[in-house]
>>> print(open('structure-v7.tsv').read())   # TSV, C-alpha atoms
chain	number	residue	atom	x	y	z
A	8	MET	CA	-23.27	16.96	-4.37
A	9	SER	CA	-24.73	19.72	-6.53
A	10	LEU	CA	-22.06	21.89	-8.15
A	11	GLN	CA	-22.28	25.55	-9.03
A	12	THR	CA	-22.76	26.00	-12.76
A	13	GLY	CA	-21.19	29.46	-12.90
A	14	PHE	CA	-17.63	28.16	-12.59
A	15	TYR	CA	-18.05	25.76	-15.47
A	16	SER	CA	-19.73	28.21	-17.80
A	17	LYS	CA	-16.24	29.65	-18.40
A	18	GLN	CA	-15.15	26.34	-19.93
A	19	ARG	CA	-16.13	25.41	-23.46
A	20	MET	CA	-17.18	21.92	-22.63
A	21	ARG	CA	-19.94	19.69	-23.93
A	22	ASN	CA	-22.58	18.27	-21.63
A	23	ILE	CA	-23.73	14.67	-21.33
A	24	TYR	CA	-27.21	14.19	-19.89
A	25	LEU	CA	-28.11	11.03	-18.01
A	26	ARG	CA	-31.34	9.06	-18.09
A	27	ARG	CA	-33.63	9.14	-15.10
A	28	GLY	CA	-32.21	7.14	-12.18
A	29	LYS	CA	-28.76	6.71	-13.77
A	30	ALA	CA	-27.00	9.26	-11.58
A	31	GLU	CA	-27.20	7.15	-8.43
A	32	SER	CA	-23.93	5.28	-9.07
A	33	LEU	CA	-22.16	8.64	-9.49
A	34	ARG	CA	-23.60	9.83	-6.19
A	35	ARG	CA	-21.85	6.78	-4.74
A	36	PHE	CA	-18.67	7.91	-6.54
A	37	HIS	CA	-18.42	4.99	-8.95
A	38	PRO	CA	-16.07	6.37	-11.64
A	39	TRP	CA	-17.75	4.91	-14.75
A	40	VAL	CA	-20.71	6.06	-16.81
A	41	PHE	CA	-21.99	3.33	-19.11
A	42	SER	CA	-23.28	4.16	-22.57
A	43	GLY	CA	-26.78	2.91	-21.72
A	44	ALA	CA	-27.06	5.53	-18.96
A	45	ILE	CA	-26.73	8.44	-21.40
A	46	ALA	CA	-29.89	10.13	-22.68
A	47	SER	CA	-28.29	12.78	-24.89
A	48	SER	CA	-25.50	15.31	-25.36
A	49	ASP	CA	-25.47	18.92	-26.51
A	50	GLY	CA	-23.36	18.30	-29.57
A	51	LYS	CA	-21.30	15.75	-31.43
A	52	LEU	CA	-18.79	14.33	-28.98
A	53	LYS	CA	-15.15	13.81	-29.85
A	54	GLU	CA	-13.56	10.70	-28.41
A	55	GLY	CA	-11.13	11.57	-25.62
A	56	GLU	CA	-12.55	15.01	-24.83
A	57	THR	CA	-13.42	16.13	-21.31
A	58	VAL	CA	-17.18	16.36	-20.76
A	59	ARG	CA	-19.54	17.60	-18.07
A	60	VAL	CA	-21.96	14.93	-16.77
A	61	ILE	CA	-25.43	16.15	-15.75
A	62	SER	CA	-28.30	14.20	-14.18
A	63	ASN	CA	-31.79	14.23	-15.71
A	64	ASP	CA	-32.86	16.85	-13.13
A	65	GLY	CA	-29.98	19.21	-13.95
A	66	GLU	CA	-27.46	18.36	-11.24
A	67	ILE	CA	-23.83	18.52	-12.34
A	68	MET	CA	-22.29	15.20	-11.30
A	69	GLY	CA	-18.71	15.88	-12.30
A	70	TYR	CA	-16.28	15.75	-15.21
A	71	GLY	CA	-14.62	12.94	-17.13
A	72	HIS	CA	-13.18	11.64	-20.37
A	73	TYR	CA	-15.64	10.59	-23.07
A	74	GLN	CA	-14.99	7.45	-25.09
A	75	ILE	CA	-16.94	5.34	-27.57
A	76	GLY	CA	-17.81	1.98	-26.07
A	77	SER	CA	-19.57	0.35	-23.14
A	78	ILE	CA	-17.78	2.60	-20.61
A	79	ALA	CA	-18.67	5.97	-22.12
A	80	VAL	CA	-17.21	8.29	-19.47
A	81	ARG	CA	-14.43	7.73	-16.96
A	82	MET	CA	-14.90	10.29	-14.21
A	83	LEU	CA	-11.89	12.43	-13.33
A	84	THR	CA	-13.59	14.40	-10.59
A	85	PHE	CA	-16.85	14.76	-8.71
A	86	GLU	CA	-15.69	18.15	-7.39
A	87	ASN	CA	-15.87	21.77	-8.50
A	88	GLU	CA	-12.41	21.85	-10.07
A	89	GLU	CA	-10.99	22.66	-13.47
A	90	ILE	CA	-9.14	19.93	-15.38
A	91	ASN	CA	-5.91	21.83	-16.02
A	92	ASP	CA	-2.17	21.53	-15.41
A	93	ALA	CA	-2.65	22.09	-11.68
A	94	PHE	CA	-5.19	19.25	-11.54
A	95	TRP	CA	-2.77	16.73	-13.04
A	96	GLN	CA	0.12	17.85	-10.87
A	97	GLN	CA	-2.03	17.65	-7.72
A	98	ARG	CA	-3.22	14.12	-8.49
A	99	LEU	CA	0.31	12.95	-9.26
A	100	SER	CA	1.65	14.64	-6.12
A	101	GLU	CA	-0.95	12.69	-4.12
A	102	ALA	CA	0.21	9.49	-5.79
A	103	PHE	CA	3.85	10.21	-4.91
A	104	SER	CA	2.89	11.01	-1.32
A	105	LEU	CA	1.17	7.63	-0.93
A	106	ARG	CA	4.18	5.72	-2.32
A	107	SER	CA	6.44	7.71	-0.03
A	108	ALA	CA	4.26	6.77	2.96
A	109	LEU	CA	4.52	3.14	1.84
A	110	GLN	CA	8.33	3.56	1.91
A	111	LEU	CA	8.68	2.66	-1.75
A	112	THR	CA	10.43	5.84	-2.91
A	113	GLY	CA	13.98	7.00	-2.23
A	114	ARG	CA	15.31	3.54	-1.40
A	115	GLU	CA	18.63	2.20	-2.60
A	116	ASP	CA	17.40	-1.41	-2.54
A	117	ASN	CA	14.07	-0.83	-4.33
A	118	THR	CA	13.55	1.34	-7.40
A	119	ILE	CA	10.44	-0.43	-8.76
A	120	TYR	CA	6.90	0.52	-7.81
A	121	ARG	CA	3.53	1.48	-9.29
A	122	LEU	CA	2.92	5.20	-9.09
A	123	VAL	CA	-0.57	5.42	-10.63
A	124	HIS	CA	-3.13	2.62	-10.54
A	125	GLY	CA	-6.07	3.95	-12.51
A	126	GLU	CA	-9.26	4.30	-10.48
A	127	GLY	CA	-7.36	3.49	-7.30
A	128	ASP	CA	-5.54	6.82	-7.65
A	129	ARG	CA	-8.57	8.70	-9.03
A	130	LEU	CA	-7.02	8.67	-12.51
A	131	PRO	CA	-9.14	6.12	-14.42
A	132	GLY	CA	-7.55	4.85	-17.60
A	133	LEU	CA	-3.98	5.65	-16.52
A	134	VAL	CA	-1.21	3.34	-15.28
A	135	ILE	CA	2.31	4.52	-14.43
A	136	ASP	CA	5.08	2.21	-13.21
A	137	VAL	CA	8.45	3.54	-12.06
A	138	TYR	CA	11.79	1.84	-12.78
A	139	GLY	CA	14.57	3.92	-11.31
A	140	LYS	CA	14.55	7.34	-12.97
A	141	THR	CA	12.18	6.19	-15.73
A	142	ALA	CA	8.39	6.20	-15.52
A	143	VAL	CA	6.53	3.98	-17.98
A	144	MET	CA	3.07	5.35	-18.76
A	145	GLN	CA	0.17	3.36	-20.20
A	146	ALA	CA	-3.11	4.87	-21.34
A	147	HIS	CA	-6.15	2.59	-21.28
A	148	SER	CA	-8.50	5.33	-22.48
A	149	VAL	CA	-8.45	7.79	-25.35
A	150	GLY	CA	-8.78	10.66	-22.89
A	151	MET	CA	-5.55	9.79	-21.12
A	152	HIS	CA	-3.87	9.39	-24.52
A	153	VAL	CA	-4.99	12.90	-25.49
A	154	CYS	CA	-3.56	14.26	-22.22
A	155	ARG	CA	-0.28	12.31	-22.35
A	156	GLU	CA	2.00	15.31	-22.93
A	157	THR	CA	0.43	17.31	-20.11
A	158	ILE	CA	0.63	14.29	-17.81
A	159	ALA	CA	4.32	13.77	-18.66
A	160	ASP	CA	5.15	17.36	-17.69
A	161	ALA	CA	3.08	17.15	-14.50
A	162	LEU	CA	4.73	13.85	-13.63
A	163	ILE	CA	8.25	15.28	-13.78
A	164	ALA	CA	7.19	18.43	-11.91
A	165	ALA	CA	5.47	16.44	-9.14
A	166	SER	CA	8.34	13.96	-8.67
A	167	ASN	CA	10.81	16.39	-7.07
A	168	GLY	CA	13.65	14.98	-9.15
A	169	LEU	CA	12.74	11.28	-8.79
A	170	ILE	CA	11.62	10.99	-12.44
A	171	GLU	CA	13.79	12.15	-15.35
A	172	ASN	CA	12.42	10.05	-18.22
A	173	VAL	CA	8.85	9.24	-19.32
A	174	TYR	CA	8.31	6.33	-21.70
A	175	TYR	CA	4.87	6.01	-23.29
A	176	LYS	CA	3.79	2.40	-23.91
A	177	SER	CA	0.18	2.27	-25.07
A	178	GLU	CA	0.20	0.52	-28.44
A	179	THR	CA	-1.60	-2.52	-27.07
A	180	THR	CA	-3.75	-0.88	-24.36
A	181	LEU	CA	-5.65	1.79	-26.27
A	182	PRO	CA	-9.04	0.86	-27.80
A	183	PHE	CA	-8.28	-0.46	-31.27
A	184	LYS	CA	-11.48	1.06	-32.68
A	185	ALA	CA	-10.14	4.53	-31.88
A	186	ASP	CA	-7.63	4.06	-34.73
A	187	LEU	CA	-4.99	6.26	-33.11
A	188	HIS	CA	-1.94	4.64	-34.75
A	189	GLN	CA	-0.01	5.18	-31.53
A	190	GLU	CA	3.67	4.23	-31.38
A	191	ASN	CA	5.59	3.59	-28.17
A	192	GLY	CA	8.46	5.91	-27.31
A	193	PHE	CA	9.96	8.43	-24.92
A	194	LEU	CA	7.88	11.53	-24.24
A	195	ARG	CA	10.54	13.05	-22.01
A	196	GLY	CA	14.22	12.20	-21.67
A	197	HIS	CA	15.92	9.04	-22.80
A	198	ASP	CA	17.38	6.15	-20.84
A	199	ASP	CA	19.41	3.33	-22.34
A	200	GLY	CA	19.72	1.48	-19.03
A	201	ASN	CA	17.01	-0.99	-18.17
A	202	ILE	CA	18.09	-2.60	-14.89
A	203	ALA	CA	16.08	-1.81	-11.76
A	204	LEU	CA	16.02	-3.11	-8.19
A	205	GLU	CA	13.25	-4.87	-6.29
A	206	ASN	CA	14.02	-5.63	-2.65
A	207	GLY	CA	17.73	-5.80	-3.45
A	208	LEU	CA	17.36	-8.05	-6.51
A	209	LYS	CA	18.25	-6.82	-10.01
A	210	PHE	CA	15.90	-7.20	-12.97
A	211	HIS	CA	16.13	-6.36	-16.66
A	212	ILE	CA	13.01	-4.31	-17.47
A	213	ASP	CA	11.88	-4.71	-21.07
A	214	TRP	CA	9.59	-1.70	-21.36
A	215	LEU	CA	10.16	-1.65	-25.12
A	216	ARG	CA	8.72	-5.07	-26.00
A	217	GLY	CA	7.67	-6.65	-22.69
A	218	GLN	CA	4.19	-7.32	-21.35
A	219	LYS	CA	2.38	-4.62	-19.36
A	220	THR	CA	4.98	-1.93	-18.59
A	221	GLY	CA	7.84	-4.45	-18.76
A	222	PHE	CA	7.53	-6.17	-15.38
A	223	PHE	CA	4.81	-7.58	-13.10
A	224	VAL	CA	5.10	-5.04	-10.29
A	225	ASP	CA	1.98	-6.38	-8.57
A	226	GLN	CA	3.64	-9.60	-7.32
A	227	ARG	CA	6.40	-7.92	-5.30
A	228	GLU	CA	5.08	-8.83	-1.83
A	229	ASN	CA	4.03	-12.31	-2.93
A	230	ARG	CA	7.52	-12.94	-4.28
A	231	SER	CA	8.94	-11.92	-0.90
A	232	LEU	CA	6.61	-14.36	0.85
A	233	LEU	CA	7.69	-17.19	-1.43
A	234	GLU	CA	11.33	-16.48	-0.62
A	235	HIS	CA	10.70	-17.39	3.03
A	236	TYR	CA	9.33	-20.82	2.04
A	237	ALA	CA	11.89	-21.70	-0.65
A	238	LYS	CA	14.78	-22.98	1.51
A	239	GLY	CA	15.75	-26.53	0.62
A	240	ARG	CA	12.80	-26.99	-1.75
A	241	ASN	CA	12.57	-27.97	-5.41
A	242	VAL	CA	10.70	-25.06	-6.97
A	243	LEU	CA	8.68	-25.03	-10.19
A	244	ASN	CA	7.71	-21.58	-11.47
A	245	MET	CA	5.00	-21.92	-14.11
A	246	PHE	CA	4.20	-19.05	-16.54
A	247	CYS	CA	7.43	-17.49	-15.25
A	248	TYR	CA	7.60	-14.50	-17.66
A	249	THR	CA	10.68	-12.58	-16.43
A	250	GLY	CA	11.44	-15.09	-13.67
A	251	GLY	CA	10.60	-12.90	-10.68
A	252	PHE	CA	9.49	-15.77	-8.44
A	253	SER	CA	12.46	-17.84	-9.62
A	254	VAL	CA	15.04	-15.23	-8.62
A	255	TYR	CA	13.46	-14.80	-5.19
A	256	ALA	CA	13.45	-18.59	-4.74
A	257	LEU	CA	17.17	-18.72	-5.56
A	258	ARG	CA	17.88	-16.08	-2.93
A	259	GLY	CA	15.73	-18.04	-0.51
A	260	ASN	CA	18.18	-20.96	-0.87
A	261	ALA	CA	15.97	-23.25	-2.90
A	262	LYS	CA	17.57	-26.58	-3.75
A	263	LEU	CA	16.67	-26.18	-7.43
A	264	VAL	CA	14.45	-23.85	-9.47
A	265	HIS	CA	12.79	-24.68	-12.79
A	266	SER	CA	11.18	-21.86	-14.78
A	267	VAL	CA	8.61	-22.57	-17.51
A	268	ASP	CA	6.97	-20.28	-20.08
A	269	SER	CA	5.66	-20.85	-23.59
A	270	SER	CA	7.48	-17.72	-24.80
A	271	SER	CA	11.12	-18.22	-25.73
A	272	LYS	CA	11.68	-14.47	-25.27
A	273	ALA	CA	10.36	-14.72	-21.71
A	274	ILE	CA	12.69	-17.64	-21.05
A	275	ASP	CA	15.65	-15.65	-22.37
A	276	LEU	CA	14.75	-12.81	-20.01
A	277	THR	CA	14.31	-15.23	-17.09
A	278	ARG	CA	17.75	-16.69	-17.72
A	279	ALA	CA	19.22	-13.20	-17.94
A	280	ASN	CA	17.65	-12.18	-14.62
A	281	ALA	CA	18.83	-15.34	-12.87
A	282	GLU	CA	22.35	-14.80	-14.25
A	283	LEU	CA	22.27	-11.13	-13.25
A	284	ASN	CA	21.73	-12.04	-9.59
A	285	PHE	CA	23.26	-15.54	-9.35
A	286	PRO	CA	25.87	-15.97	-12.09
A	287	ASN	CA	26.71	-19.53	-13.12
A	288	ASP	CA	24.24	-20.96	-10.59
A	289	SER	CA	23.49	-24.53	-11.64
A	290	ARG	CA	20.38	-24.68	-9.47
A	291	HIS	CA	18.34	-22.85	-12.13
A	292	GLU	CA	17.02	-24.22	-15.43
A	293	ALA	CA	14.47	-22.63	-17.76
A	294	PHE	CA	12.22	-24.30	-20.33
A	295	ALA	CA	10.29	-22.78	-23.24
A	296	GLU	CA	7.33	-25.17	-23.21
A	297	ASP	CA	3.56	-25.19	-22.86
A	298	ALA	CA	2.81	-24.94	-19.14
A	299	PHE	CA	-0.05	-27.46	-19.04
A	300	LYS	CA	1.93	-30.01	-21.03
A	301	PHE	CA	5.06	-29.54	-18.92
A	302	LEU	CA	3.13	-29.91	-15.67
A	303	GLU	CA	1.27	-33.01	-16.82
A	304	GLN	CA	4.52	-34.70	-17.86
A	305	ALA	CA	6.48	-33.66	-14.79
A	306	GLY	CA	7.26	-36.23	-12.14
A	307	SER	CA	6.61	-35.77	-8.44
A	308	ASN	CA	9.90	-33.93	-7.98
A	309	TYR	CA	8.64	-30.55	-6.81
A	310	ASP	CA	7.64	-29.44	-3.35
A	311	LEU	CA	6.92	-25.80	-4.19
A	312	ILE	CA	4.91	-24.85	-7.29
A	313	VAL	CA	3.99	-21.36	-8.48
A	314	LEU	CA	0.94	-21.02	-10.76
A	315	ASP	CA	0.76	-17.46	-12.08
A	316	PRO	CA	-0.96	-17.73	-15.48
A	317	PRO	CA	-2.02	-14.84	-17.70
A	318	ALA	CA	-5.64	-13.75	-17.45
A	319	PHE	CA	-7.85	-16.68	-18.46
A	320	ALA	CA	-10.86	-14.33	-18.67
A	321	LYS	CA	-10.53	-10.78	-19.91
A	322	HIS	CA	-14.32	-10.34	-19.99
A	323	LYS	CA	-17.34	-12.00	-18.39
A	324	ASP	CA	-18.25	-13.97	-21.51
A	325	ALA	CA	-15.10	-16.05	-20.97
A	326	LEU	CA	-15.73	-16.64	-17.25
A	327	ARG	CA	-16.97	-20.23	-17.45
A	328	ASN	CA	-14.05	-21.47	-19.51
A	329	ALA	CA	-11.63	-19.52	-17.33
A	330	LEU	CA	-12.86	-21.21	-14.16
A	331	LYS	CA	-12.48	-24.60	-15.84
A	332	GLY	CA	-8.92	-23.64	-16.76
A	333	TYR	CA	-8.05	-22.65	-13.20
A	334	THR	CA	-9.57	-25.88	-11.87
A	335	ARG	CA	-7.66	-28.05	-14.33
A	336	LEU	CA	-4.34	-26.28	-13.73
A	337	ASN	CA	-4.56	-26.49	-9.94
A	338	ALA	CA	-5.77	-30.10	-9.99
A	339	ILE	CA	-2.69	-31.16	-11.95
A	340	ALA	CA	-0.42	-29.29	-9.54
A	341	PHE	CA	-2.09	-30.87	-6.49
A	342	LYS	CA	-1.66	-34.35	-7.96
A	343	LYS	CA	2.00	-33.78	-8.83
A	344	ILE	CA	3.33	-32.01	-5.78
A	345	ARG	CA	5.15	-33.88	-3.02
A	346	LYS	CA	3.69	-34.51	0.42
A	347	GLY	CA	3.89	-31.34	2.48
A	348	GLY	CA	4.37	-29.26	-0.64
A	349	ILE	CA	3.53	-25.58	-1.07
A	350	VAL	CA	1.45	-24.12	-3.91
A	351	PHE	CA	1.24	-20.40	-4.71
A	352	THR	CA	-1.71	-20.04	-7.10
A	353	PHE	CA	-3.05	-16.84	-8.67
A	354	SER	CA	-5.67	-15.33	-10.94
A	355	CYS	CA	-5.18	-11.89	-12.47
A	356	SER	CA	-8.52	-12.00	-14.32
A	357	GLN	CA	-10.64	-9.02	-13.32
A	358	ALA	CA	-13.74	-10.92	-14.45
A	359	VAL	CA	-13.06	-13.64	-11.84
A	360	ASN	CA	-13.84	-12.59	-8.29
A	361	LYS	CA	-12.24	-13.97	-5.13
A	362	ASP	CA	-15.07	-16.38	-4.32
A	363	GLN	CA	-15.14	-17.80	-7.85
A	364	PHE	CA	-11.39	-18.34	-7.88
A	365	ARG	CA	-11.44	-19.96	-4.46
A	366	LEU	CA	-14.25	-22.28	-5.57
A	367	ALA	CA	-12.20	-23.31	-8.62
A	368	VAL	CA	-9.23	-24.15	-6.37
A	369	PHE	CA	-11.53	-25.98	-3.94
A	370	THR	CA	-12.88	-28.07	-6.83
A	371	ALA	CA	-9.33	-28.85	-7.94
A	372	ALA	CA	-8.39	-29.97	-4.43
A	373	ALA	CA	-11.43	-32.27	-4.25
A	374	GLN	CA	-10.61	-33.77	-7.65
A	375	SER	CA	-7.04	-34.46	-6.60
A	376	GLY	CA	-8.04	-36.20	-3.36
A	377	ARG	CA	-5.36	-34.26	-1.47
A	378	HIS	CA	-5.78	-32.42	1.85
A	379	VAL	CA	-5.21	-28.73	1.14
A	380	ARG	CA	-4.98	-25.91	3.67
A	381	ILE	CA	-4.88	-22.15	3.09
A	382	LEU	CA	-1.88	-20.49	4.76
A	383	HIS	CA	-2.25	-17.02	3.25
A	384	GLN	CA	-4.80	-15.24	1.06
A	385	LEU	CA	-2.84	-13.16	-1.43
A	386	HIS	CA	-3.63	-9.96	-3.29
A	387	GLN	CA	-2.14	-6.95	-5.02
A	388	PRO	CA	0.15	-4.68	-2.94
A	389	ALA	CA	-0.68	-1.26	-1.54
A	390	ASP	CA	0.84	0.62	-4.48
A	391	HIS	CA	-2.03	-0.93	-6.48
A	392	PRO	CA	-4.77	0.63	-4.31
A	393	ILE	CA	-8.42	-0.29	-4.72
A	394	ASN	CA	-10.98	2.50	-4.83
A	395	ILE	CA	-13.64	1.35	-2.37
A	396	TYR	CA	-16.30	2.71	-4.75
A	397	HIS	CA	-14.79	0.67	-7.60
A	398	PRO	CA	-14.47	-2.97	-6.46
A	399	GLU	CA	-13.59	-3.98	-10.03
A	400	GLY	CA	-10.10	-2.70	-9.27
A	401	GLU	CA	-9.37	-5.74	-7.10
A	402	TYR	CA	-8.07	-7.91	-9.91
A	403	LEU	CA	-5.23	-10.01	-8.39
A	404	LYS	CA	-6.32	-12.99	-6.29
A	405	GLY	CA	-4.04	-15.63	-4.84
A	406	LEU	CA	-3.78	-18.45	-2.31
A	407	HIS	CA	-0.76	-19.84	-0.51
A	408	LEU	CA	-1.55	-23.49	0.10
A	409	LEU	CA	-0.13	-26.46	2.01
A	410	VAL	CA	-0.80	-29.83	0.34
A	411	ARG	CA	-0.88	-33.13	2.24
A	412	PRO	CA	-1.56	-36.69	0.90
>>> encode(input="structure-v7.tsv", output="structure tokens")
Amino acid sequence: MSLQTGFYSKQRMRNIYLRRGKAESLRRFHPWVFSGAIASSDGKLKEGETVRVISNDGEIMGYGHYQIGSIAVRMLTFENEEINDAFWQQRLSEAFSLRSALQLTGREDNTIYRLVHGEGDRLPGLVIDVYGKTAVMQAHSVGMHVCRETIADALIAASNGLIENVYYKSETTLPFKADLHQENGFLRGHDDGNIALENGLKFHIDWLRGQKTGFFVDQRENRSLLEHYAKGRNVLNMFCYTGGFSVYALRGNAKLVHSVDSSSKAIDLTRANAELNFPNDSRHEAFAEDAFKFLEQAGSNYDLIVLDPPAFAKHKDALRNALKGYTRLNAIAFKKIRKGGIVFTFSCSQAVNKDQFRLAVFTAAAQSGRHVRILHQLHQPADHPINIYHPEGEYLKGLHLLVRP
């Protein structure tokens, strides 16, 4: 994978030199360089700048964004290519082409999808979700923050008219030690409307104050699956946030739907989304209460329960307590649910792998004394692609379960 140095000599770019043996992961196209792998650099590095990465024997491994921290470089390319306007437009054009192939673009019944999923789209540190004509951009690295204006222009140019507005929402995702004082706001255009469509259902998207980019795009296919099992059931949607699963359950002709979240703002948004699609529908009630407390005090009235909590472990140091939390939560649900009930249970913790999550659910089933069968193994949809060289990108794990006495 040796690159010609002549091309890059034209660019005023600092070099990072790796320790002996630390280039092997890059030869396998893993997109991260950890700080401990770096031997030296040829000057004082500025956080967010693009750097050239060189092995200890002089081989150019590629180019990426430098950042202070454990992950020191996020690789943008392993190829002989300049990081310029054409680079950004090409990568975003590739992202649009994939979503078009997935039949997510240009639909009247669906205007919500993820356009860029970090490493999965070879753009580490960048997330872009689309809501109608508005793209909401999040930078998770200083390098992507530095390039935000260029990315916004390339995004509009690559969209062929699909995107008119670009909202930048990175206040809570950028490294706090970088001290960037970033404020959220529109980079391009302006859009006062915030209603978008997912599979024919309408949702208020709170990209101004909401979590992530304003909506949990990654549960789209799992919400559709739940809809097929909701008919005639009493549904409990725990950690409901904007009520996505609840609205799908209502369309699936659930007998009743209860939505629970500790955030009163989330409950207000859930009620608004239910009303938007099913006005004055008495089947739906929402409760601003602690999820564990609500579940423990609930009777055996539900025969479909959704457990979609926030990440219990955002880093490996919290893994043990996270697994205990997943076990406790699922055990309560298994004890409470009616005979023949359905449980949709999830973990969005990147630090928890599929086997660990499944073991936590297995332990919960054993503690409850119920017979539990797996009907579907659930995951993030195809517009959240996983780079095969970066397995850390597989963050959403779920199980669709049937519970007997």
>>> residues_around(input="structure-v7.tsv", residues="A:Glu178", least_positions_apart="6", cutoff="12 Å", atoms="only C-alpha atoms", output="list in words")
Met144, Gln145, Ala146, His147, Ser148, Val149, His152, Ala185, Asp186, Leu187, His188, Gln189, Glu190, Asn191, Gly192, Trp214, Leu215, Arg216, Gly217, Gln218, Lys219 and Thr220 of chain A
>>> residues_around(input="structure-v7.tsv", residues="stretch 313-322 of chain A", least_positions_apart="5", cutoff="7 Å", atoms="all atoms listed in the file", output="PyMOL selection string")
chain A and resi 243-246+329+350-358
>>> residues_around(input="structure-v7.tsv", residues="A:Pro398", least_positions_apart="6", cutoff="12 Å", atoms="only C-alpha atoms", output="PyMOL selection string")
chain A and resi 36-39+126-127+357-358+360-361+392
>>> atom_distance(input="structure-v7.tsv", atom1="atom CA of A:Lys300", atom2="atom CA of A:Leu263")
20.4 Å
>>> closest_residue(input="structure-v7.tsv", among="A:Leu336, A:Ala305, A:Arg230, A:Asp297", to="A:His386", atoms="only C-alpha atoms")
A:Arg230
>>> atom_distance(input="structure-v7.tsv", atom1="atom CA of A:Leu276", atom2="atom CA of A:Phe222")
10.8 Å
>>> residues_near_point(input="structure-v7.tsv", point="(17.8, -2.1, -11.6)", cutoff="12 Å", atoms="all atoms listed in the file", output="PyMOL selection string")
chain A and resi 114-120+137-141+200-213+222+280+283-284
>>> atom_distance(input="structure-v7.tsv", atom1="atom CA of A:Leu25", atom2="atom CA of A:Ala93")
28.5 Å
>>> decode(input="structure-v7.tsv", residues="stretch 85-97 of chain A", atoms="N, CA, C and O atoms", output="PDB file, in the first residue's frame")
ATOM      1  N   PHE A  85      -6.775   5.988   2.733  1.00  0.00           N
ATOM      2  CA  PHE A  85      -5.566   5.190   2.627  1.00  0.00           C
ATOM      3  C   PHE A  85      -5.026   5.271   1.196  1.00  0.00           C
ATOM      4  O   PHE A  85      -4.141   4.501   0.819  1.00  0.00           O
ATOM      5  N   GLU A  86      -5.576   6.171   0.400  1.00  0.00           N
ATOM      6  CA  GLU A  86      -5.257   6.266  -1.018  1.00  0.00           C
ATOM      7  C   GLU A  86      -4.420   7.510  -1.315  1.00  0.00           C
ATOM      8  O   GLU A  86      -4.234   8.382  -0.465  1.00  0.00           O
ATOM      9  N   ASN A  87      -3.958   7.579  -2.561  1.00  0.00           N
ATOM     10  CA  ASN A  87      -3.166   8.699  -3.038  1.00  0.00           C
ATOM     11  C   ASN A  87      -4.116   9.780  -3.559  1.00  0.00           C
ATOM     12  O   ASN A  87      -4.292   9.942  -4.761  1.00  0.00           O
ATOM     13  N   GLU A  88      -4.769  10.478  -2.644  1.00  0.00           N
ATOM     14  CA  GLU A  88      -5.738  11.494  -3.036  1.00  0.00           C
ATOM     15  C   GLU A  88      -5.651  12.702  -2.125  1.00  0.00           C
ATOM     16  O   GLU A  88      -5.392  12.588  -0.929  1.00  0.00           O
ATOM     17  N   GLU A  89      -5.881  13.850  -2.695  1.00  0.00           N
ATOM     18  CA  GLU A  89      -5.829  15.105  -1.960  1.00  0.00           C
ATOM     19  C   GLU A  89      -7.142  15.309  -1.214  1.00  0.00           C
ATOM     20  O   GLU A  89      -8.218  15.003  -1.734  1.00  0.00           O
ATOM     21  N   ILE A  90      -7.056  15.842   0.010  1.00  0.00           N
ATOM     22  CA  ILE A  90      -8.266  16.140   0.787  1.00  0.00           C
ATOM     23  C   ILE A  90      -8.700  17.552   0.424  1.00  0.00           C
ATOM     24  O   ILE A  90      -8.278  18.538   1.026  1.00  0.00           O
ATOM     25  N   ASN A  91      -9.554  17.654  -0.599  1.00  0.00           N
ATOM     26  CA  ASN A  91      -9.996  18.959  -1.095  1.00  0.00           C
ATOM     27  C   ASN A  91     -11.504  18.938  -1.316  1.00  0.00           C
ATOM     28  O   ASN A  91     -12.188  17.993  -0.917  1.00  0.00           O
ATOM     29  N   ASP A  92     -12.034  19.960  -1.961  1.00  0.00           N
ATOM     30  CA  ASP A  92     -13.476  20.035  -2.196  1.00  0.00           C
ATOM     31  C   ASP A  92     -13.984  18.821  -2.967  1.00  0.00           C
ATOM     32  O   ASP A  92     -15.070  18.297  -2.676  1.00  0.00           O
ATOM     33  N   ALA A  93     -13.208  18.374  -3.949  1.00  0.00           N
ATOM     34  CA  ALA A  93     -13.620  17.223  -4.749  1.00  0.00           C
ATOM     35  C   ALA A  93     -13.692  15.956  -3.905  1.00  0.00           C
ATOM     36  O   ALA A  93     -14.557  15.102  -4.127  1.00  0.00           O
ATOM     37  N   PHE A  94     -12.789  15.832  -2.937  1.00  0.00           N
ATOM     38  CA  PHE A  94     -12.810  14.667  -2.044  1.00  0.00           C
ATOM     39  C   PHE A  94     -14.122  14.607  -1.276  1.00  0.00           C
ATOM     40  O   PHE A  94     -14.792  13.566  -1.225  1.00  0.00           O
ATOM     41  N   TRP A  95     -14.512  15.731  -0.662  1.00  0.00           N
ATOM     42  CA  TRP A  95     -15.730  15.750   0.141  1.00  0.00           C
ATOM     43  C   TRP A  95     -16.958  15.498  -0.726  1.00  0.00           C
ATOM     44  O   TRP A  95     -17.858  14.740  -0.332  1.00  0.00           O
ATOM     45  N   GLN A  96     -16.997  16.095  -1.903  1.00  0.00           N
ATOM     46  CA  GLN A  96     -18.160  15.895  -2.762  1.00  0.00           C
ATOM     47  C   GLN A  96     -18.251  14.451  -3.246  1.00  0.00           C
ATOM     48  O   GLN A  96     -19.350  13.891  -3.332  1.00  0.00           O
ATOM     49  N   GLN A  97     -17.099  13.816  -3.519  1.00  0.00           N
ATOM     50  CA  GLN A  97     -17.109  12.428  -3.952  1.00  0.00           C
ATOM     51  C   GLN A  97     -17.606  11.499  -2.855  1.00  0.00           C
ATOM     52  O   GLN A  97     -18.451  10.621  -3.098  1.00  0.00           O
TER      53      GLN A  97
END
